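Accompanying notes for the structure given below.
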Amino acid sequence: DGSAAAGEEWSYDRLWDAAEVSEGWHARNLRFWRSQAADVRGATGGGVSQRDLAFSLDALAALAKLHAGAGGRFQRALDLGAGIGRVTDAVLRRHCSHVDLVEFVQKHLNRARDRLPAGGKGGCSFAFFNTSVQKFGVRPRAYDLVWCQWLLMYLTDADALALLRRLGRGLADGGVLVVKENV
């Protein structure tokens with residue numbers, strides 16, 4: 001029935017602690033993503049990119065009006081699981097002054113670097129981090145926007161919870177965490 005054993009307190013921290021579930025989880029995901037092409041079809045499976053980007057652009061425009069302060073721009077954003085830079089290029093750079101992109105597949109991050117020069121594009125600068133979200137060091141109070149799209153489903157529950165806790169500490173006062181897992 002899902003209840004904890006007598007005298008044992010249930011906690012979200014205990015989800016997916018079992019080795020039979022989590023063992024090999026990250027290796028399987030790494031194999032999958034390394035096998036995908038560094039293009040829109042490889043990143044999305046095809047057919048959803050334009051609708052997804054249009055929704056995200058509208059949603060972020062509304063958030064920027066409410067939370068971004070003077071000029072309607074977020075000062076520092078974090079794009080986790082940034083892939084080829086699809087969302088940063090089409091959405092985030094339009095409402096952010098700077099975006100840190102975190103992606104663990106090198107060929108995807110290389111594609112993001114090609115489309116998003118470190119010197120900037122459209123009034124937004126970029127920095128690139130080739131690491132997993134589990135290993136990325138989120139600085140305290142560093143971001144006024146964190147964008148987490150189509151990522152949590154690739155983490156174990158324990159890793160997702162640990163990440164969300166770190167992201168909470170990484171948000172500046174009034175910062176916004178966007179979690180988008182489907183279109």
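Note on naming: chains are A, B, ... as they come in the structure tokens, residues start from 1 per chain, ligands start from 1 in the order shown.
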
Spatial neighbours of region 101-111 of chain A, max dist 8 Å, only C-alpha atoms, sep filter under 5 positions, as number ranges by chain: A: 30, 33-34, 38-39, 78-85, 126-133, 136

Output N, CA, C and O atoms for every residue in that selection, as a PDB file, in the first residue's frame.
```pdb
ATOM      1  N   LEU A  30      23.296   8.508 -20.658  1.00  0.00           N
ATOM      2  CA  LEU A  30      24.457   9.008 -21.387  1.00  0.00           C
ATOM      3  C   LEU A  30      24.587   8.304 -22.738  1.00  0.00           C
ATOM      4  O   LEU A  30      24.804   8.957 -23.762  1.00  0.00           O
ATOM      5  N   TRP A  33      21.808   9.750 -25.097  1.00  0.00           N
ATOM      6  CA  TRP A  33      22.028  11.103 -25.597  1.00  0.00           C
ATOM      7  C   TRP A  33      23.252  11.207 -26.477  1.00  0.00           C
ATOM      8  O   TRP A  33      23.270  11.984 -27.432  1.00  0.00           O
ATOM      9  N   ARG A  34      24.268  10.420 -26.221  1.00  0.00           N
ATOM     10  CA  ARG A  34      25.435  10.427 -27.107  1.00  0.00           C
ATOM     11  C   ARG A  34      25.085   9.868 -28.479  1.00  0.00           C
ATOM     12  O   ARG A  34      25.728  10.208 -29.466  1.00  0.00           O
ATOM     13  N   ALA A  38      23.250  15.957 -33.008  1.00  0.00           N
ATOM     14  CA  ALA A  38      23.320  17.300 -32.410  1.00  0.00           C
ATOM     15  C   ALA A  38      22.544  18.276 -33.290  1.00  0.00           C
ATOM     16  O   ALA A  38      23.083  19.224 -33.854  1.00  0.00           O
ATOM     17  N   ASP A  39      21.247  18.017 -33.404  1.00  0.00           N
ATOM     18  CA  ASP A  39      20.354  18.886 -34.173  1.00  0.00           C
ATOM     19  C   ASP A  39      18.973  18.872 -33.518  1.00  0.00           C
ATOM     20  O   ASP A  39      18.758  18.193 -32.514  1.00  0.00           O
ATOM     21  N   LEU A  78      20.050  30.436 -15.963  1.00  0.00           N
ATOM     22  CA  LEU A  78      20.703  29.134 -16.034  1.00  0.00           C
ATOM     23  C   LEU A  78      19.815  28.215 -16.851  1.00  0.00           C
ATOM     24  O   LEU A  78      18.630  28.054 -16.541  1.00  0.00           O
ATOM     25  N   ASP A  79      20.369  27.621 -17.905  1.00  0.00           N
ATOM     26  CA  ASP A  79      19.661  26.658 -18.748  1.00  0.00           C
ATOM     27  C   ASP A  79      20.275  25.291 -18.484  1.00  0.00           C
ATOM     28  O   ASP A  79      21.396  25.006 -18.904  1.00  0.00           O
ATOM     29  N   LEU A  80      19.548  24.449 -17.762  1.00  0.00           N
ATOM     30  CA  LEU A  80      20.044  23.123 -17.387  1.00  0.00           C
ATOM     31  C   LEU A  80      19.613  22.085 -18.412  1.00  0.00           C
ATOM     32  O   LEU A  80      18.457  22.047 -18.813  1.00  0.00           O
ATOM     33  N   GLY A  81      20.556  21.227 -18.805  1.00  0.00           N
ATOM     34  CA  GLY A  81      20.254  20.274 -19.867  1.00  0.00           C
ATOM     35  C   GLY A  81      20.045  21.022 -21.162  1.00  0.00           C
ATOM     36  O   GLY A  81      19.128  20.762 -21.925  1.00  0.00           O
ATOM     37  N   ALA A  82      20.935  21.973 -21.417  1.00  0.00           N
ATOM     38  CA  ALA A  82      20.770  22.940 -22.506  1.00  0.00           C
ATOM     39  C   ALA A  82      20.857  22.330 -23.899  1.00  0.00           C
ATOM     40  O   ALA A  82      20.432  22.953 -24.867  1.00  0.00           O
ATOM     41  N   GLY A  83      21.399  21.132 -24.002  1.00  0.00           N
ATOM     42  CA  GLY A  83      21.470  20.480 -25.308  1.00  0.00           C
ATOM     43  C   GLY A  83      22.195  21.325 -26.335  1.00  0.00           C
ATOM     44  O   GLY A  83      23.277  21.844 -26.094  1.00  0.00           O
ATOM     45  N   ILE A  84      21.561  21.508 -27.475  1.00  0.00           N
ATOM     46  CA  ILE A  84      22.159  22.240 -28.600  1.00  0.00           C
ATOM     47  C   ILE A  84      21.907  23.743 -28.509  1.00  0.00           C
ATOM     48  O   ILE A  84      22.214  24.482 -29.444  1.00  0.00           O
ATOM     49  N   GLY A  85      21.337  24.191 -27.412  1.00  0.00           N
ATOM     50  CA  GLY A  85      21.072  25.617 -27.238  1.00  0.00           C
ATOM     51  C   GLY A  85      19.776  26.082 -27.870  1.00  0.00           C
ATOM     52  O   GLY A  85      19.528  27.286 -28.000  1.00  0.00           O
ATOM     53  N   PHE A 126      26.771  34.535 -23.118  1.00  0.00           N
ATOM     54  CA  PHE A 126      26.620  33.122 -22.793  1.00  0.00           C
ATOM     55  C   PHE A 126      27.904  32.566 -22.195  1.00  0.00           C
ATOM     56  O   PHE A 126      28.997  32.997 -22.544  1.00  0.00           O
ATOM     57  N   ALA A 127      27.745  31.598 -21.325  1.00  0.00           N
ATOM     58  CA  ALA A 127      28.861  30.801 -20.818  1.00  0.00           C
ATOM     59  C   ALA A 127      28.429  29.339 -20.906  1.00  0.00           C
ATOM     60  O   ALA A 127      27.241  29.026 -20.757  1.00  0.00           O
ATOM     61  N   PHE A 128      29.390  28.446 -21.148  1.00  0.00           N
ATOM     62  CA  PHE A 128      29.086  27.049 -21.434  1.00  0.00           C
ATOM     63  C   PHE A 128      29.801  26.145 -20.440  1.00  0.00           C
ATOM     64  O   PHE A 128      30.994  26.321 -20.179  1.00  0.00           O
ATOM     65  N   PHE A 129      29.068  25.149 -19.924  1.00  0.00           N
ATOM     66  CA  PHE A 129      29.604  24.232 -18.929  1.00  0.00           C
ATOM     67  C   PHE A 129      29.313  22.803 -19.363  1.00  0.00           C
ATOM     68  O   PHE A 129      28.153  22.402 -19.437  1.00  0.00           O
ATOM     69  N   ASN A 130      30.373  22.051 -19.658  1.00  0.00           N
ATOM     70  CA  ASN A 130      30.229  20.654 -20.067  1.00  0.00           C
ATOM     71  C   ASN A 130      30.331  19.768 -18.833  1.00  0.00           C
ATOM     72  O   ASN A 130      31.392  19.295 -18.469  1.00  0.00           O
ATOM     73  N   THR A 131      29.196  19.587 -18.185  1.00  0.00           N
ATOM     74  CA  THR A 131      29.120  18.760 -16.986  1.00  0.00           C
ATOM     75  C   THR A 131      27.679  18.317 -16.798  1.00  0.00           C
ATOM     76  O   THR A 131      26.767  18.872 -17.416  1.00  0.00           O
ATOM     77  N   SER A 132      27.494  17.324 -15.962  1.00  0.00           N
ATOM     78  CA  SER A 132      26.130  16.891 -15.655  1.00  0.00           C
ATOM     79  C   SER A 132      25.513  17.879 -14.662  1.00  0.00           C
ATOM     80  O   SER A 132      26.226  18.570 -13.935  1.00  0.00           O
ATOM     81  N   VAL A 133      24.198  17.896 -14.620  1.00  0.00           N
ATOM     82  CA  VAL A 133      23.527  18.769 -13.656  1.00  0.00           C
ATOM     83  C   VAL A 133      23.800  18.309 -12.234  1.00  0.00           C
ATOM     84  O   VAL A 133      23.780  19.120 -11.305  1.00  0.00           O
ATOM     85  N   PHE A 136      27.184  20.026 -11.491  1.00  0.00           N
ATOM     86  CA  PHE A 136      27.300  21.474 -11.686  1.00  0.00           C
ATOM     87  C   PHE A 136      27.179  22.194 -10.348  1.00  0.00           C
ATOM     88  O   PHE A 136      26.229  21.973  -9.599  1.00  0.00           O
TER      89      PHE A 136
END
```

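Excluding region 140-146 of chain A itself and same-chain residues fewer than 3 positions from it, the residues having an atom within 6 Å of it are Arg76, Ala77, Leu78, Arg169, Gly170, Leu171, Ala172, Gly175, Val176 and Leu177 of chain A, counting only C-alpha atoms.
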
Minimum-distance residue to Cys148 (chain A), chosen among A:Ser125, A:Leu161, A:Glu181, A:Gln134 (using only C-alpha atoms): A:Glu181

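The residue set within 7 Å of Gly72 (chain A), counting only C-alpha atoms and dropping same-chain residues fewer than 5 places from it, reads Ala64, Lys65 and His95 of chain A.
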
Alpha helix (DSSP H) per DSSP on the backbone: members of region 39-116 of chain A, as a PyMOL selection string: chain A and resi 40-44+49-67+86-90+106-115
